[in-house]
>>> print(open('start18.csv').read())   # CSV, C-alpha atoms
chain,number,residue,atom,x,y,z
A,1,MET,CA,-35.1,4.5,6.3
A,2,PRO,CA,-36.5,0.9,6.5
A,3,GLY,CA,-34.5,-1.7,4.9
A,4,TYR,CA,-35.5,-4.7,2.8
A,5,ALA,CA,-35.6,-8.5,3.3
A,6,LEU,CA,-35.0,-11.6,1.2
A,7,SER,CA,-37.4,-14.4,1.9
A,8,GLU,CA,-36.3,-18.0,2.1
A,9,ASP,CA,-37.9,-18.8,-1.2
A,10,GLN,CA,-36.3,-15.9,-2.9
A,11,HIS,CA,-32.9,-16.9,-1.5
A,12,GLN,CA,-33.3,-20.4,-2.8
A,13,ALA,CA,-34.3,-19.2,-6.2
A,14,LEU,CA,-31.4,-16.8,-6.4
A,15,LYS,CA,-29.0,-19.5,-5.2
A,16,LYS,CA,-30.2,-21.9,-7.8
A,17,ILE,CA,-29.5,-19.3,-10.6
A,18,LEU,CA,-26.1,-18.5,-9.2
A,19,VAL,CA,-25.0,-22.1,-8.9
A,20,GLN,CA,-25.9,-22.7,-12.5
A,21,LEU,CA,-24.2,-19.4,-13.6
A,22,SER,CA,-21.1,-20.4,-11.7
A,23,THR,CA,-21.0,-23.7,-13.5
A,24,ASP,CA,-21.6,-22.2,-16.9
A,25,MET,CA,-19.0,-19.5,-16.4
A,26,LYS,CA,-16.6,-21.9,-14.8
A,27,ALA,CA,-16.2,-19.2,-12.1
A,28,PRO,CA,-14.5,-20.4,-8.9
A,29,GLY,CA,-16.4,-17.7,-7.0
A,30,LEU,CA,-19.6,-15.8,-7.6
A,31,LEU,CA,-21.6,-13.5,-5.4
A,32,LEU,CA,-24.6,-11.2,-5.7
A,33,SER,CA,-24.6,-8.1,-3.5
A,34,ASP,CA,-26.3,-4.8,-3.4
A,35,TYR,CA,-24.6,-1.4,-3.9
A,36,GLY,CA,-24.1,-1.2,-0.1
A,37,GLY,CA,-21.9,-4.3,-0.1
A,38,ASN,CA,-24.6,-6.5,1.5
A,39,ILE,CA,-24.2,-10.1,0.3
A,40,LEU,CA,-27.5,-11.6,-0.9
A,41,VAL,CA,-26.2,-14.9,-2.2
A,42,GLU,CA,-22.8,-16.3,-2.6
A,43,VAL,CA,-21.3,-19.4,-4.3
A,44,MET,CA,-17.7,-19.2,-3.0
A,45,PRO,CA,-15.1,-21.9,-2.2
A,46,ALA,CA,-15.6,-23.3,1.3
A,47,GLY,CA,-13.5,-21.6,4.0
A,48,ASP,CA,-13.2,-18.3,2.1
A,49,ASP,CA,-13.3,-15.8,5.0
A,50,ASN,CA,-12.9,-12.7,2.8
A,51,VAL,CA,-16.3,-12.7,1.2
A,52,GLU,CA,-17.6,-9.7,3.1
A,53,THR,CA,-14.5,-7.7,2.3
A,54,LEU,CA,-14.7,-8.7,-1.4
A,55,ALA,CA,-18.3,-7.5,-1.5
A,56,ALA,CA,-17.5,-4.2,0.2
A,57,LEU,CA,-14.6,-3.5,-2.1
A,58,ALA,CA,-16.5,-4.6,-5.2
A,59,ALA,CA,-19.5,-2.4,-4.4
A,60,GLY,CA,-17.2,0.6,-3.4
A,61,SER,CA,-15.2,0.4,-6.6
A,62,PHE,CA,-18.2,-0.1,-8.9
A,63,VAL,CA,-20.1,2.8,-7.3
A,64,ALA,CA,-17.0,5.0,-7.7
A,65,THR,CA,-17.1,4.3,-11.5
A,66,ARG,CA,-20.4,6.1,-11.6
A,67,GLU,CA,-18.6,9.3,-10.7
A,68,LEU,CA,-16.1,8.6,-13.5
A,69,ALA,CA,-19.0,7.9,-15.9
A,70,ALA,CA,-20.7,11.2,-14.9
A,71,LEU,CA,-17.5,13.1,-15.7
A,72,ILE,CA,-17.6,11.9,-19.3
A,73,GLY,CA,-21.3,12.3,-19.7
A,74,GLU,CA,-22.4,8.7,-19.1
A,75,LYS,CA,-25.0,7.6,-16.5
A,76,GLU,CA,-23.0,4.7,-15.4
A,77,PHE,CA,-20.9,1.8,-16.7
A,78,ARG,CA,-22.8,-1.5,-16.8
A,79,TRP,CA,-19.8,-3.7,-16.1
A,80,ILE,CA,-16.1,-3.6,-15.2
A,81,PHE,CA,-13.4,-6.2,-15.7
A,82,HIS,CA,-10.0,-6.4,-13.9
A,83,MET,CA,-7.6,-8.8,-15.6
A,84,GLY,CA,-5.0,-10.7,-13.7
A,85,THR,CA,-2.4,-13.1,-14.9
A,86,LYS,CA,-4.3,-16.2,-13.7
A,87,THR,CA,-7.5,-14.9,-12.1
A,88,SER,CA,-9.7,-12.0,-13.1
A,89,ILE,CA,-12.7,-10.2,-11.7
A,90,TYR,CA,-15.9,-9.4,-13.6
A,91,ILE,CA,-18.5,-7.1,-12.0
A,92,GLN,CA,-21.9,-6.3,-13.6
A,93,CYS,CA,-24.8,-4.1,-12.5
A,94,ILE,CA,-28.2,-5.9,-12.2
A,95,ALA,CA,-31.5,-4.1,-11.7
A,96,SER,CA,-29.9,-0.7,-11.0
A,97,HIS,CA,-28.8,-1.5,-7.4
A,98,TYR,CA,-27.2,-4.9,-7.4
A,99,LEU,CA,-24.0,-6.4,-8.5
A,100,ILE,CA,-22.9,-9.8,-9.8
A,101,PHE,CA,-19.2,-10.3,-8.8
A,102,ALA,CA,-17.4,-13.2,-10.5
A,103,VAL,CA,-14.0,-14.5,-9.9
A,104,LEU,CA,-12.8,-16.0,-13.2
A,105,GLY,CA,-10.1,-18.4,-14.1
A,106,HIS,CA,-8.1,-18.3,-17.3
A,107,ARG,CA,-10.8,-20.4,-19.1
A,108,THR,CA,-13.4,-17.6,-19.1
A,109,THR,CA,-13.1,-14.4,-21.1
A,110,GLN,CA,-14.9,-11.2,-20.3
A,111,GLY,CA,-17.1,-11.6,-23.4
A,112,LEU,CA,-18.2,-15.1,-22.2
A,113,ALA,CA,-18.8,-13.8,-18.7
A,114,LYS,CA,-20.9,-10.9,-20.0
A,115,LEU,CA,-22.9,-13.3,-22.2
A,116,TYR,CA,-23.8,-15.7,-19.4
A,117,VAL,CA,-24.7,-12.9,-16.9
A,118,GLU,CA,-26.9,-11.1,-19.5
A,119,LYS,CA,-28.7,-14.5,-20.1
A,120,THR,CA,-29.7,-14.7,-16.4
A,121,SER,CA,-30.1,-11.0,-15.6
A,122,ALA,CA,-33.9,-10.9,-16.4
A,123,GLN,CA,-34.5,-13.8,-14.0
A,124,LEU,CA,-32.4,-12.2,-11.3
A,125,GLU,CA,-34.1,-8.8,-11.8
A,126,ARG,CA,-37.6,-10.3,-11.4
A,127,ILE,CA,-36.7,-11.6,-7.9
A,128,LEU,CA,-34.6,-8.6,-6.8
A,129,LEU,CA,-37.2,-6.0,-7.8
A,130,LYS,CA,-39.7,-7.9,-5.7
A,131,ALA,CA,-37.4,-8.3,-2.7
A,132,GLU,CA,-36.3,-4.6,-2.6
A,133,LYS,CA,-39.9,-3.5,-2.0
A,134,GLN,CA,-40.3,-6.1,0.7
A,135,SER,CA,-40.0,-5.2,4.4
A,136,VAL,CA,-39.2,-7.8,7.0
A,137,ALA,CA,-42.8,-7.5,8.2
A,138,SER,CA,-44.1,-8.5,4.8
A,139,ALA,CA,-41.5,-11.3,4.2
A,140,ALA,CA,-42.0,-12.8,7.6
A,141,PRO,CA,-45.1,-11.3,9.3
A,142,ARG,CA,-44.7,-13.2,12.6
A,143,GLN,CA,-41.0,-12.5,13.1
A,144,VAL,CA,-40.2,-10.7,16.3
A,145,PHE,CA,-36.7,-9.3,17.0
A,146,LYS,CA,-35.5,-9.1,20.5
A,147,MET,CA,-32.2,-7.8,21.9
A,148,GLU,CA,-30.5,-9.6,24.7
A,149,GLN,CA,-31.1,-7.3,27.6
A,150,GLY,CA,-28.1,-5.9,29.4
A,151,SER,CA,-25.5,-7.5,27.2
A,152,ASP,CA,-23.1,-5.6,24.9
A,153,PRO,CA,-22.9,-6.7,21.3
A,154,PHE,CA,-19.1,-6.8,21.6
A,155,LYS,CA,-16.8,-7.8,24.4
A,156,ARG,CA,-13.0,-7.4,24.8
A,157,ALA,CA,-11.0,-10.6,23.9
A,158,ARG,CA,-9.6,-12.2,27.0
B,1,MET,CA,-30.1,0.5,4.8
B,2,SER,CA,-30.5,-2.7,6.7
B,3,PHE,CA,-30.8,-5.9,4.8
B,4,VAL,CA,-32.2,-9.1,6.3
B,5,SER,CA,-31.7,-12.6,4.9
B,6,LEU,CA,-34.4,-14.8,6.5
B,7,SER,CA,-32.8,-17.9,4.9
B,8,LYS,CA,-29.4,-17.2,6.4
B,9,ARG,CA,-30.9,-15.7,9.6
B,10,GLU,CA,-28.7,-12.6,9.2
B,11,ILE,CA,-29.2,-8.9,9.8
B,12,ASN,CA,-26.8,-6.6,7.9
B,13,LEU,CA,-26.2,-3.1,9.2
B,14,LYS,CA,-23.8,-0.3,8.2
B,15,ILE,CA,-22.1,2.0,10.6
B,16,VAL,CA,-19.9,4.9,9.4
B,17,TYR,CA,-17.2,6.7,11.4
B,18,TYR,CA,-17.2,10.3,10.1
B,19,GLY,CA,-15.1,13.3,11.1
B,20,PRO,CA,-12.4,15.8,10.1
B,21,PRO,CA,-8.9,14.8,8.9
B,22,LEU,CA,-6.7,13.0,11.4
B,23,CYS,CA,-9.4,12.9,14.1
B,24,GLY,CA,-8.9,9.2,14.8
B,25,LYS,CA,-11.5,7.4,12.7
B,26,THR,CA,-9.0,4.8,11.4
B,27,THR,CA,-7.5,4.4,14.9
B,28,ASN,CA,-11.0,3.6,16.2
B,29,LEU,CA,-11.3,0.7,13.7
B,30,GLU,CA,-7.8,-0.5,14.4
B,31,GLN,CA,-8.4,-0.6,18.2
B,32,ILE,CA,-11.7,-2.4,17.7
B,33,HIS,CA,-9.9,-4.9,15.5
B,34,ASN,CA,-7.3,-5.5,18.2
B,35,ALA,CA,-9.8,-5.6,21.0
B,36,VAL,CA,-12.5,-8.0,19.9
B,37,PRO,CA,-12.1,-11.8,19.8
B,38,ASN,CA,-11.2,-13.4,16.4
B,39,ASP,CA,-14.5,-15.3,16.1
B,40,VAL,CA,-16.5,-12.0,15.8
B,41,LYS,CA,-14.3,-10.1,13.3
B,42,GLY,CA,-13.3,-10.4,9.7
B,43,GLN,CA,-10.4,-9.0,7.9
B,44,MET,CA,-9.7,-5.2,8.3
B,45,THR,CA,-9.1,-3.4,5.0
B,46,MET,CA,-7.5,0.0,4.7
B,47,LEU,CA,-7.4,1.9,1.4
B,48,SER,CA,-4.7,4.5,2.3
B,49,THR,CA,-2.3,6.8,0.5
B,50,ARG,CA,1.5,6.3,0.9
B,51,GLN,CA,1.3,8.7,3.9
B,52,ASP,CA,-1.3,6.5,5.6
B,53,ARG,CA,-4.1,8.9,5.0
B,54,THR,CA,-7.4,7.2,4.2
B,55,LEU,CA,-7.9,7.5,0.4
B,56,TYR,CA,-11.2,5.7,0.0
B,57,PHE,CA,-12.4,4.0,3.1
B,58,ASP,CA,-11.4,1.5,5.9
B,59,PHE,CA,-13.6,-1.5,6.3
B,60,LEU,CA,-14.1,-3.9,9.2
B,61,PRO,CA,-16.9,-6.5,9.3
B,62,LEU,CA,-18.1,-7.7,12.7
B,63,ARG,CA,-20.7,-10.2,13.8
B,64,SER,CA,-22.7,-10.5,17.0
B,65,ASP,CA,-25.4,-12.7,18.4
B,66,VAL,CA,-27.1,-10.0,20.4
B,67,ILE,CA,-30.4,-10.5,18.6
B,68,LYS,CA,-31.9,-13.8,19.5
B,69,GLY,CA,-31.9,-16.3,16.6
B,70,PHE,CA,-30.1,-14.0,14.2
B,71,VAL,CA,-26.5,-13.1,13.4
B,72,SER,CA,-26.2,-9.3,13.4
B,73,ARG,CA,-23.5,-8.4,10.9
B,74,PHE,CA,-22.1,-4.9,11.3
B,75,GLN,CA,-20.1,-3.4,8.5
B,76,LEU,CA,-17.9,-0.6,9.9
B,77,TYR,CA,-16.6,2.0,7.5
B,78,THR,CA,-14.5,5.2,7.9
B,79,VAL,CA,-14.6,8.0,5.4
B,80,PRO,CA,-11.6,10.0,4.2
B,81,GLY,CA,-11.5,13.3,6.2
B,82,GLN,CA,-9.8,15.4,3.7
B,83,THR,CA,-12.0,18.0,2.0
B,84,ILE,CA,-11.2,17.0,-1.5
B,85,TYR,CA,-12.7,13.5,-1.1
B,86,ASN,CA,-16.3,14.5,-0.6
B,87,HIS,CA,-17.5,12.3,-3.5
B,88,THR,CA,-16.0,9.3,-1.6
B,89,ARG,CA,-17.7,10.3,1.6
B,90,LYS,CA,-21.0,10.4,-0.1
B,91,ILE,CA,-20.5,6.9,-1.6
B,92,VAL,CA,-19.6,5.5,1.8
B,93,LEU,CA,-22.6,7.2,3.4
B,94,THR,CA,-25.0,5.5,1.0
B,95,GLY,CA,-27.5,3.3,3.0
B,96,VAL,CA,-25.9,4.1,6.3
B,97,ASP,CA,-27.7,2.8,9.4
B,98,GLY,CA,-25.7,4.5,12.1
B,99,ILE,CA,-23.0,7.2,12.4
B,100,VAL,CA,-20.2,7.9,14.9
B,101,PHE,CA,-19.0,11.4,14.5
B,102,VAL,CA,-15.4,11.5,15.8
B,103,ALA,CA,-14.4,15.0,16.8
B,104,ASP,CA,-10.8,16.0,17.6
B,105,SER,CA,-10.8,17.7,21.0
B,106,GLN,CA,-7.8,20.0,20.3
B,107,TRP,CA,-8.7,23.7,20.3
B,108,GLU,CA,-7.0,24.4,17.0
B,109,VAL,CA,-9.3,22.0,15.1
B,110,MET,CA,-12.7,23.1,16.4
B,111,GLU,CA,-13.4,24.9,13.1
B,112,GLN,CA,-12.6,21.7,11.2
B,113,ASN,CA,-14.9,19.7,13.5
B,114,ALA,CA,-17.8,22.1,12.8
B,115,GLU,CA,-17.1,22.1,9.1
B,116,SER,CA,-17.0,18.3,9.0
B,117,PHE,CA,-20.3,18.1,11.0
B,118,GLN,CA,-21.9,20.5,8.6
B,119,ASN,CA,-20.5,18.5,5.6
B,120,LEU,CA,-22.1,15.3,7.1
B,121,GLN,CA,-25.5,17.0,7.3
B,122,GLU,CA,-25.2,18.3,3.7
B,123,ASN,CA,-24.2,14.9,2.4
B,124,LEU,CA,-27.1,13.2,4.2
B,125,ALA,CA,-29.4,15.8,2.7
B,126,SER,CA,-28.2,14.9,-0.8
B,127,PHE,CA,-29.9,11.5,-0.1
B,128,SER,CA,-33.0,13.2,1.4
B,129,ARG,CA,-32.0,12.1,4.8
B,130,ASN,CA,-31.0,14.0,8.0
B,131,LEU,CA,-29.6,13.3,11.5
B,132,ASN,CA,-33.1,13.0,13.0
B,133,GLN,CA,-33.5,9.8,10.9
B,134,VAL,CA,-30.1,8.1,11.5
B,135,PRO,CA,-28.9,7.0,14.9
B,136,TYR,CA,-25.7,8.8,15.7
B,137,LEU,CA,-23.4,9.7,18.5
B,138,LEU,CA,-20.5,12.1,19.1
B,139,GLN,CA,-17.1,10.8,20.2
B,140,PHE,CA,-14.8,13.5,21.6
B,141,ASN,CA,-11.4,12.0,20.9
B,142,LYS,CA,-7.8,12.8,22.0
B,143,ARG,CA,-8.9,13.8,25.5
B,144,ASP,CA,-5.3,12.9,26.8
B,145,LEU,CA,-3.8,15.9,24.9
B,146,PRO,CA,-2.9,19.1,26.9
B,147,ASN,CA,-4.7,21.6,24.7
B,148,VAL,CA,-8.2,20.2,24.6
B,149,ALA,CA,-11.5,22.1,24.6
B,150,PRO,CA,-13.9,21.5,27.5
B,151,VAL,CA,-16.5,18.8,26.8
B,152,GLU,CA,-19.3,21.4,27.5
B,153,TYR,CA,-17.9,23.6,24.7
B,154,MET,CA,-17.7,20.7,22.2
B,155,ASP,CA,-21.2,19.7,23.1
B,156,PHE,CA,-22.4,23.3,22.6
B,157,LEU,CA,-20.5,23.5,19.3
B,158,LEU,CA,-21.9,20.2,17.8
B,159,ASN,CA,-25.0,19.5,19.7
B,160,SER,CA,-26.8,22.7,20.8
B,161,GLN,CA,-28.5,23.6,17.6
B,162,ARG,CA,-30.2,20.2,17.3
B,163,GLU,CA,-33.7,19.3,18.4
B,164,GLU,CA,-32.6,16.0,19.8
B,165,ARG,CA,-29.2,16.2,21.4
B,166,ALA,CA,-27.0,13.2,20.6
B,167,ALA,CA,-25.1,11.2,23.2
B,168,HIS,CA,-21.4,12.0,23.5
B,169,LEU,CA,-18.5,10.1,24.8
B,170,GLU,CA,-14.9,11.0,25.7
B,171,ALA,CA,-12.2,8.8,24.2
B,172,VAL,CA,-8.5,8.4,23.7
B,173,ALA,CA,-8.6,6.1,20.6
B,174,ALA,CA,-4.8,5.8,20.4
B,175,SER,CA,-4.9,3.9,23.7
B,176,GLY,CA,-8.3,2.3,23.1
B,177,LYS,CA,-10.1,4.2,25.9
B,178,GLY,CA,-13.7,4.7,25.0
B,179,VAL,CA,-13.5,2.9,21.7
B,180,LEU,CA,-15.3,-0.3,22.5
B,181,GLU,CA,-17.8,1.7,24.5
B,182,THR,CA,-18.5,3.9,21.5
B,183,LEU,CA,-19.0,0.8,19.3
B,184,ASN,CA,-21.4,-0.9,21.7
B,185,ILE,CA,-23.5,2.2,22.1
B,186,ILE,CA,-23.9,2.9,18.4
B,187,CYS,CA,-24.6,-0.8,17.7
B,188,LYS,CA,-27.3,-0.8,20.4
B,189,MET,CA,-28.8,2.4,19.0
B,190,VAL,CA,-28.8,1.0,15.4
B,191,LEU,CA,-30.4,-2.3,16.6
B,192,ALA,CA,-33.0,-0.5,18.7
B,193,ARG,CA,-34.0,1.5,15.5
B,194,PHE,CA,-34.0,-1.7,13.5
B,195,ILE,CA,-36.3,-3.4,15.9
B,196,GLU,CA,-38.5,-0.4,16.1
B,197,GLU,CA,-38.9,-0.4,12.3
B,198,ASN,CA,-39.3,-4.1,11.9
B,199,SER,CA,-41.2,-5.4,14.8
B,200,MET,CA,-44.8,-5.0,15.8
B,201,THR,CA,-43.9,-5.4,19.5
B,202,ALA,CA,-42.1,-2.8,21.7
B,203,THR,CA,-38.8,-3.7,23.3
B,204,PRO,CA,-38.8,-2.2,26.8
B,205,GLY,CA,-35.5,-1.4,28.4
B,206,VAL,CA,-33.5,-0.9,25.2
B,207,GLY,CA,-33.3,2.9,25.6
B,208,ASP,CA,-32.5,2.6,29.3
B,209,ASP,CA,-29.7,0.3,28.5
B,210,ILE,CA,-28.1,2.8,26.1
B,211,ALA,CA,-28.5,5.7,28.6
B,212,VAL,CA,-26.7,3.7,31.3
B,213,ALA,CA,-23.9,2.8,28.9
B,214,THR,CA,-23.4,6.4,27.9
B,215,LYS,CA,-23.0,7.6,31.5
B,216,GLY,CA,-20.5,4.9,32.3
B,217,VAL,CA,-17.8,6.3,29.9
>>> encode(input="start18.csv", output="structure tokens")
Amino acid sequence: MPGYALSEDQHQALKKILVQLSTDMKAPGLLLSDYGGNILVEVMPAGDDNVETLAALAAGSFVATRELAALIGEKEFRWIFHMGTKTSIYIQCIASHYLIFAVLGHRTTQGLAKLYVEKTSAQLERILLKAEKQSVASAAPRQVFKMEQGSDPFKRAR
Amino acid sequence: MSFVSLSKREINLKIVYYGPPLCGKTTNLEQIHNAVPNDVKGQMTMLSTRQDRTLYFDFLPLRSDVIKGFVSRFQLYTVPGQTIYNHTRKIVLTGVDGIVFVADSQWEVMEQNAESFQNLQENLASFSRNLNQVPYLLQFNKRDLPNVAPVEYMDFLLNSQREERAAHLEAVAASGKGVLETLNIICKMVLARFIEENSMTATPGVGDDIAVATKGV
């Protein structure tokens, strides 16, 4: 099953939207991933090494809620909110296969988060729907991938 | 399903360790996490029950520079082996790029190996996919135990009905034997498939490389 590719222009356009969204929502961390946990764009504090794990867990937990939804006769839940004492998490589905994952401080309520994400969702969808139909060959026709011959991807630490 | 960010020069690929309960899937990921240098690995996450059985999945992100000019990011997942968690296995299998089927070599769990392998094929079929479309290999684990089935028998059990026989490796995941070799082979298989699907030019030697690596274990 061929995958999909995000061009440089699309990445920049998504990044611009997310940076603005992050400012509006006063969100210390914001990322856009697909349902497989692949990170498309992130606006996270410098030095945060857990971004991949956050995306994987967010995607896993959100997709699991589809099963919950099915059990009560719903297709899926559009968004979920986990409330902490100081920091909360808001996850919303965009364009059927993508997720906005926002880390929120105490100044942003879930209603406010939903409002801001809804405001940008149409813009995000336009870019994402184009990207998901785009192979690497169409996004970068001259790109050639070559594997280093004879070398293993991973070596034992010394 | 692979995802390429041309701006970040990254290739994202998903590998799932599948197999019956207690076959050593989580142990494989723990040994990989212990073996590889810090600069190529992220945090390992285990979502387990109080009895240390995998409840949802284990997750280990790795990165490699084996493709020139790109960072190859491999997301390693395990599935819960217990029969009741089939919905979770399906979720984890979504968009998979490569599979390691970890089989327990002990005679008494051969039936569970066969059932789990059948379950893998059924779950792939639910996404309209099959094992001819996804690079996979078989790891015969726990070869250090006294009551193990011969490799030829396990190969017959899991491999003989297939048009294209998968490569198999022997391993003792608890001591790390065969674990890194398994990882490197599946990563090369997944990358070879990725290159085949995304490049106009052939990559001679990739298949030879994999065959040599398999023999060496």
>>> atom_distance(input="start18.csv", atom1="atom CA of Glu67 of chain A", atom2="atom CA of Ser48 of chain B")
19.6 Å
>>> residues_around(input="start18.csv", residues="Leu40 of chain A", least_positions_apart="3", cutoff="9 Å", atoms="all atoms listed in the file", output="MDAnalysis selection string")
(chainID A and resid 6 11 14 31:34) or (chainID B and resid 3:5)
>>> atom_distance(input="start18.csv", atom1="atom CA of Ile15 of chain B", atom2="atom CA of Ile186 of chain B")
8.1 Å
>>> atom_distance(input="start18.csv", atom1="atom CA of Ala167 of chain B", atom2="atom CA of Asn119 of chain B")
19.6 Å
>>> residues_around(input="start18.csv", residues="Phe194 of chain B", least_positions_apart="2", cutoff="10 Å", atoms="all atoms listed in the file", output="list in words")
Met1, Pro2, Gly3 and Phe145 of chain A; Met1, Ser2, Ile11, Leu13, Asp97, Lys188, Met189, Val190, Leu191, Ala192, Glu196, Glu197, Asn198 and Ser199 of chain B
>>> write_last_selection(input="start18.csv", atoms="C-alpha atoms", output="PDB file, in the coordinates of the input")
ATOM      1  CA  MET A   1     -35.100   4.500   6.300  1.00  0.00           C
ATOM      2  CA  PRO A   2     -36.500   0.900   6.500  1.00  0.00           C
ATOM      3  CA  GLY A   3     -34.500  -1.700   4.900  1.00  0.00           C
ATOM      4  CA  PHE A 145     -36.700  -9.300  17.000  1.00  0.00           C
TER       5      PHE A 145
ATOM      6  CA  MET B   1     -30.100   0.500   4.800  1.00  0.00           C
ATOM      7  CA  SER B   2     -30.500  -2.700   6.700  1.00  0.00           C
ATOM      8  CA  ILE B  11     -29.200  -8.900   9.800  1.00  0.00           C
ATOM      9  CA  LEU B  13     -26.200  -3.100   9.200  1.00  0.00           C
ATOM     10  CA  ASP B  97     -27.700   2.800   9.400  1.00  0.00           C
ATOM     11  CA  LYS B 188     -27.300  -0.800  20.400  1.00  0.00           C
ATOM     12  CA  MET B 189     -28.800   2.400  19.000  1.00  0.00           C
ATOM     13  CA  VAL B 190     -28.800   1.000  15.400  1.00  0.00           C
ATOM     14  CA  LEU B 191     -30.400  -2.300  16.600  1.00  0.00           C
ATOM     15  CA  ALA B 192     -33.000  -0.500  18.700  1.00  0.00           C
ATOM     16  CA  GLU B 196     -38.500  -0.400  16.100  1.00  0.00           C
ATOM     17  CA  GLU B 197     -38.900  -0.400  12.300  1.00  0.00           C
ATOM     18  CA  ASN B 198     -39.300  -4.100  11.900  1.00  0.00           C
ATOM     19  CA  SER B 199     -41.200  -5.400  14.800  1.00  0.00           C
TER      20      SER B 199
END
>>> closest_atom_pairs(input="start18.csv", of="segment 34-113 of chain A", to="segment 55-64 of chain B", cutoff="12 Å", atoms="all atoms listed in the file", output="Markdown table")
| residue | atom | partner | partner_atom | distance |
| --- | --- | --- | --- | --- |
| A:Gly37 | CA | B:Phe59 | CA | 10.8 |
| A:Asn38 | CA | B:Pro61 | CA | 11.0 |
| A:Asp49 | CA | B:Pro61 | CA | 10.9 |
| A:Asn50 | CA | B:Pro61 | CA | 9.8 |
| A:Val51 | CA | B:Pro61 | CA | 10.2 |
| A:Glu52 | CA | B:Pro61 | CA | 7.0 |
| A:Thr53 | CA | B:Phe59 | CA | 7.4 |
| A:Leu54 | CA | B:Phe59 | CA | 10.6 |
| A:Ala55 | CA | B:Phe59 | CA | 10.9 |
| A:Ala56 | CA | B:Phe59 | CA | 7.7 |
| A:Leu57 | CA | B:Phe59 | CA | 8.7 |
| A:Gly60 | CA | B:Tyr56 | CA | 8.6 |
| A:Ser61 | CA | B:Tyr56 | CA | 9.4 |
| A:Val63 | CA | B:Tyr56 | CA | 11.9 |
| A:Ala64 | CA | B:Tyr56 | CA | 9.7 |
>>> residues_around(input="start18.csv", residues="Phe81 of chain A", least_positions_apart="6", cutoff="10 Å", atoms="all atoms listed in the file", output="list of chain:residue names")
A:Ser88, A:Ile89, A:Tyr90, A:Ile91, A:Gln92, A:Phe101, A:Ala102, A:Thr109, A:Gln110, A:Ala113, A:Lys114
>>> closest_residue(input="start18.csv", among="A:Leu112, A:Ala137, A:Leu128, A:Ile39", to="Arg73 of chain B", atoms="all atoms listed in the file")
A:Ile39
>>> closest_residue(input="start18.csv", among="A:Arg78, A:Arg156, A:Gly111, A:Lys16", to="Gln123 of chain A", atoms="all atoms listed in the file")
A:Lys16
>>> closest_residue(input="start18.csv", among="A:Gly29, A:Pro141, A:Gly105, A:Pro45", to="Thr85 of chain A", atoms="all atoms listed in the file")
A:Gly105
>>> closest_residue(input="start18.csv", among="B:Asp65, B:Glu122, B:Glu163, B:Glu152", to="Glu148 of chain A", atoms="all atoms listed in the file")
B:Asp65
>>> residues_near_point(input="start18.csv", point="(-12.1, -7.8, 12.1)", cutoff="9 Å", atoms="all atoms listed in the file", output="list in words")
Leu29, Glu30, Ile32, His33, Asn34, Val36, Pro37, Asn38, Asp39, Val40, Lys41, Gly42, Gln43, Met44, Thr45, Phe59, Leu60, Pro61 and Leu62 of chain B
>>> closest_residue(input="start18.csv", among="A:Leu21, A:Ala46, A:Ala59, A:Ala95", to="chain B", atoms="only C-alpha atoms")
A:Ala59
>>> residues_around(input="start18.csv", residues="Gln143 of chain A", least_positions_apart="4", cutoff="12 Å", atoms="all atoms listed in the file", output="JSON, numbers by chain")
{"A": [5, 7, 135, 136, 137, 138, 139], "B": [4, 6, 9, 68, 69, 70, 195, 198, 199, 200, 201]}
>>> closest_residue(input="start18.csv", among="A:Thr108, A:Ser151, A:Thr23, A:Ser96", to="chain B", atoms="only C-alpha atoms")
A:Ser151
>>> residues_around(input="start18.csv", residues="Asp104 of chain B", least_positions_apart="4", cutoff="12 Å", atoms="only C-alpha atoms", output="ChimeraX atom specification")
/B:18-25,81,108-114,116-117,138-145,147-151,154,158,170-173
>>> build_atoms(input="start18.csv", residues="segment 20-25 of chain B", atoms="N, CA, C and O atoms", output="PDB file, in the coordinates of the input")
ATOM      1  N   PRO B  20     -13.411  15.046  10.877  1.00  0.00           N
ATOM      2  CA  PRO B  20     -12.400  15.800  10.100  1.00  0.00           C
ATOM      3  C   PRO B  20     -11.108  14.999   9.952  1.00  0.00           C
ATOM      4  O   PRO B  20     -10.958  13.922  10.546  1.00  0.00           O
ATOM      5  N   PRO B  21     -10.180  15.497   9.130  1.00  0.00           N
ATOM      6  CA  PRO B  21      -8.900  14.800   8.900  1.00  0.00           C
ATOM      7  C   PRO B  21      -8.171  14.518  10.192  1.00  0.00           C
ATOM      8  O   PRO B  21      -8.161  15.380  11.083  1.00  0.00           O
ATOM      9  N   LEU B  22      -7.566  13.351  10.303  1.00  0.00           N
ATOM     10  CA  LEU B  22      -6.700  13.000  11.400  1.00  0.00           C
ATOM     11  C   LEU B  22      -7.353  13.039  12.795  1.00  0.00           C
ATOM     12  O   LEU B  22      -6.691  13.269  13.801  1.00  0.00           O
ATOM     13  N   CYS B  23      -8.661  12.844  12.840  1.00  0.00           N
ATOM     14  CA  CYS B  23      -9.400  12.900  14.100  1.00  0.00           C
ATOM     15  C   CYS B  23      -9.319  11.557  14.869  1.00  0.00           C
ATOM     16  O   CYS B  23      -9.636  11.495  16.054  1.00  0.00           O
ATOM     17  N   GLY B  24      -8.975  10.466  14.146  1.00  0.00           N
ATOM     18  CA  GLY B  24      -8.900   9.200  14.800  1.00  0.00           C
ATOM     19  C   GLY B  24      -9.892   8.135  14.358  1.00  0.00           C
ATOM     20  O   GLY B  24     -10.140   7.162  15.069  1.00  0.00           O
ATOM     21  N   LYS B  25     -10.467   8.314  13.191  1.00  0.00           N
ATOM     22  CA  LYS B  25     -11.500   7.400  12.700  1.00  0.00           C
ATOM     23  C   LYS B  25     -10.829   5.997  12.425  1.00  0.00           C
ATOM     24  O   LYS B  25     -11.330   4.956  12.873  1.00  0.00           O
TER      25      LYS B  25
END
